[in-house]
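S.K.: Following this message is one structure expressed as structure tokens.
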Amino acid sequence: MDWGTELWDQYDIIEKHTQSGLELVEKYVKFVKERTEIEQSYAKQLRNLSKKYNQKRSNKDEPDCRLSSYQSFVDILNEMNDYAGQRELIAENMIMNICIDLTKYLQELKQERKTYLLEAKKAQQSLESTYKQLDSSKKRFEREWREAERAAQYAEKTDQDINATKADVEKAKQQAHMRARVAEDCKNDYAAQLQKYNKEQSQFYFNDMPLIFNKLQDLDERRIRKLGHGYILFSDTEKNVMPIIGKCLEGITKAGTNVNEKNDSMVIIEQNKSGFERPGDLEFEDYSQGINRASSDSSLGTPKGPMDLLGKNKSKNFWLFKRSKPTVTEDFGHLPPEQRRKRLQQKLEEISKELQKEVDQSEALGKMKDVYEKNPQMGDPASLATQISQTSQNIERLRGELNKYETWLSEAGVRGDTLRYRAHSFNNNGAHEVLSPDGAHSDESTPDPSQAIYAEFDDDFEDEEPVAPIGKCTAMYNFPGASEGTISMQEGEVLAVVEEDKGDGWTRVRRHNGDEGYIPTSYVTITLNK
């Protein structure tokens with residue numbers, strides 16, 4: 001069944017229904033937009049809530065950070081933040097897949113409907129115009145026929161009038177004949193207009209309007225189908241993120257199961273153990289021996305208090321009931337012995353890592369300087385003097401700090417083998433200074449600065465197993481690789497990266513055939529493996 005057949009005479013109903021359908025689409029789009037605003041507001045509130053309770057600590061050494069209950073709470077806040085992100089994703093997908101898509105489709109339907117209604121209006125105006133022509137010809141025919149009848153009656157009356165002349169009779173007959181001919185022409189015109197109108201009316205009601213109504217029916221059905229799909233997307237958009245939301249909730253559950261009260265207790269012990277021994281028993285002071293008071297050291301003095309009763313710990317602070325905050329000192333002397341040792345060891349590790357970075361930087365600058373001296377076109381060696389000087393000063397400063405903290409650690413009484421942190425540094429001559437297991441210093445000779453830097457490059461490749469590539473690079477320019485230790489490359493050539501640039505401007509690469517060497521880092525684009 002179609003509208004063109006069943007609703008051929010319900011133009012107003014069809015027009016009103018199609019308009020109502022478009023308004024329903026607009027109403028649904030508005031509904032979804034308001035839903036997305038709720039989602040975005042909800043997500044924003046969740047993010048603010050997570051941020052409020054997840055204050056980032058400036059110091060990673062905060063005692064609470066190692067507690068499982070604290071870390072689990074942080075994990076919950078992070079999962080809640082991710083959950084908020086999924087709510088934002090729901091809002092974003094609804095805007096893109098429902099609101100924007102339906103709004104665009106709605107504009108197309110409106111334009112299409114407007115075209116069909118305009119076609120219907122034109123067809124109706126054409127039929128009305130034909131009908132006016134028919135009505136006009138009909139009225140003219142009626143008028144002319146009456147005039148012809150009156151002319152015929154007058155001619156007949158004149159012919160019977162005995163007083164009328166022959167000329168009057170002839171004139172009256174001619175007038176009647178002319179009127180009859182005009183009336184006949186109007187009759188023929190009226191018949192032609194009637195035929196034309198009936199044809200156009202049939203075309204209008206059996207072809208033109210049914211076709212337009214059927215087009216409007218197809219438009220309305222497409223609108224309904226699109227709207228139904230929008231209803232489904234309203235649900236599917238949320239269903240699609242449910243697995244991720246489920247993972248967020250699973251993460252919260254996992255955070256709860258990760259809480260370990262025994263572990264937290266051990267952490268508290270480890271972080272706060274002072275290393276002090278418990279105070280001994282108080283001595284009995286006999287005040288009944290008055291005769292001996294003058295000579296008794298134990299009775300002549302002021303009665304001993306807790307600070308005097310710590311036995312062998314009397315030179316140490318009494319930490320148990322200490323309320324005032326101690327003054328923080330660089331050697332961590334304000335901490336109990338056990339905690340002091342841990343902080344000193346941690347500080348030594350930090351200084352050693354920093355020192356190692358400075359040593360690597362110094363080595364890289366030395367290599368770069370030699371390269372510039374052998375290849376002046378690549379750079380001016382004098383431009384590195386400031387950096388080399390600054391690096392040397394940093395190394396000396398860190399070595400001094402290392403010695404200082406090692407001394408404090410020795411004073412703190414490290415148990416067992418003393419940990420040696422000063423792995424290596426530079427001495428005044430530029431050679432590596434290494435600590436032997438027994439703590440004695442040993443020097444490793446450094447190659448003569450006059451020797452080619454590429455000899456060091458070659459040493460890197462001798463007696464080594466092939467290093468697994470850490471990425472790849474593409475040559476942007478040609479490089480001859482004429483110097484020893486380097487490798488040539490052509491523009492566009494792809495090579496495997498086996499060692500990153502350490503700050504000296506060179507990257508170590510390998511060809512498919514196994515050839516390895518250094519190339520200028522600035523000559524290639526590098527992509528490292530994730």
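FYI, nothing fancy with the structure tokens labels: chains A, B, ... in order, residues from 1 per chain, ligands from 1 as they appear.
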Write out as a tab-separated table the residues of region 171-203 of chain A that have any atom within 10 Å of an atom of region 158-162 of chain A, one row each with the nearest atom pair and its distance in Å to one decimal, counting only C-alpha atoms, sorted by chain and then rising number.
M.R.:
```
residue	atom	partner	partner_atom	distance
A:Lys171	CA	A:Thr158	CA	9.6
A:Ala172	CA	A:Thr158	CA	7.0
A:Lys173	CA	A:Asp159	CA	8.5
```
S.K.: I'd like the contact shell of region 229-245 of chain A - 7 Å cut-off, only C-alpha atoms, skipping same-chain residues fewer than 2 positions apart - returned as JSON, numbers by chain.
M.R.: {"A": [83, 86, 90, 93, 94, 98, 225, 226, 227, 247, 248, 249]}
S.K.: Mind dumping the selected residues with N, CA, C and O atoms as a short mmCIF file (atom, residue, chain, number, x, y, z; two decimals), in the first residue's frame?
M.R.:
```
data_model
loop_
_atom_site.label_atom_id
_atom_site.label_comp_id
_atom_site.auth_asym_id
_atom_site.auth_seq_id
_atom_site.Cartn_x
_atom_site.Cartn_y
_atom_site.Cartn_z
N TYR A 83 37.89 5.96 34.20
CA TYR A 83 36.44 5.76 34.05
C TYR A 83 35.78 7.06 33.56
O TYR A 83 34.91 7.03 32.69
N GLN A 86 36.17 7.41 29.92
CA GLN A 86 35.22 6.62 29.14
C GLN A 86 33.86 7.31 29.07
O GLN A 86 33.16 7.23 28.05
N ILE A 90 31.92 8.39 25.66
CA ILE A 90 30.51 8.16 25.34
C ILE A 90 29.88 9.44 24.81
O ILE A 90 29.20 9.44 23.78
N ASN A 93 31.29 10.26 21.27
CA ASN A 93 30.76 9.39 20.22
C ASN A 93 29.29 9.67 19.94
O ASN A 93 28.84 9.58 18.79
N MET A 94 28.54 10.01 20.97
CA MET A 94 27.12 10.35 20.74
C MET A 94 27.00 11.63 19.92
O MET A 94 26.14 11.73 19.04
N ILE A 98 25.58 10.43 16.43
CA ILE A 98 24.13 10.64 16.48
C ILE A 98 23.77 12.08 16.15
O ILE A 98 23.10 12.35 15.15
N ARG A 225 13.62 5.02 9.46
CA ARG A 225 14.68 4.02 9.53
C ARG A 225 15.95 4.63 10.12
O ARG A 225 16.62 4.02 10.97
N LYS A 226 16.29 5.85 9.70
CA LYS A 226 17.48 6.53 10.22
C LYS A 226 17.32 6.84 11.70
O LYS A 226 18.27 6.70 12.49
N LEU A 227 16.12 7.25 12.08
CA LEU A 227 15.86 7.57 13.48
C LEU A 227 15.96 6.31 14.35
O LEU A 227 16.50 6.33 15.45
N LYS A 247 36.98 -3.05 32.84
CA LYS A 247 38.38 -3.17 33.24
C LYS A 247 38.72 -2.16 34.34
O LYS A 247 39.50 -2.46 35.25
N CYS A 248 38.15 -0.96 34.22
CA CYS A 248 38.36 0.05 35.28
C CYS A 248 37.84 -0.46 36.61
O CYS A 248 38.50 -0.33 37.65
N LEU A 249 36.64 -1.05 36.56
CA LEU A 249 36.05 -1.57 37.80
C LEU A 249 36.84 -2.77 38.32
O LEU A 249 37.02 -2.94 39.53
#
```
S.K.: May I have the residues within 8 Å of Trp408 (chain A) as a list in words, using only C-alpha atoms and disregarding those fewer than 4 positions away in the same chain?
M.R.: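 Once the nearby chain positions are removed, what remains is Asp331, Leu344, Lys404 and Ala412 of chain A.
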S.K.: Work out how far CA of Glu6 (chain A) is from CA of Leu117 (chain A), in Å to one decimal.
M.R.: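 Going from CA of Leu117 (chain A) over to CA of Glu6 (chain A) covers 18.3 Å.
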S.K.: Taking into account only C-alpha atoms, which residue in the set A:Lys138, A:Lys187, A:Lys51, A:Arg87 is nearest to Ile38 (chain A)?
M.R.: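 Of all the options, A:Arg87 lies closest to Ile38 (chain A).
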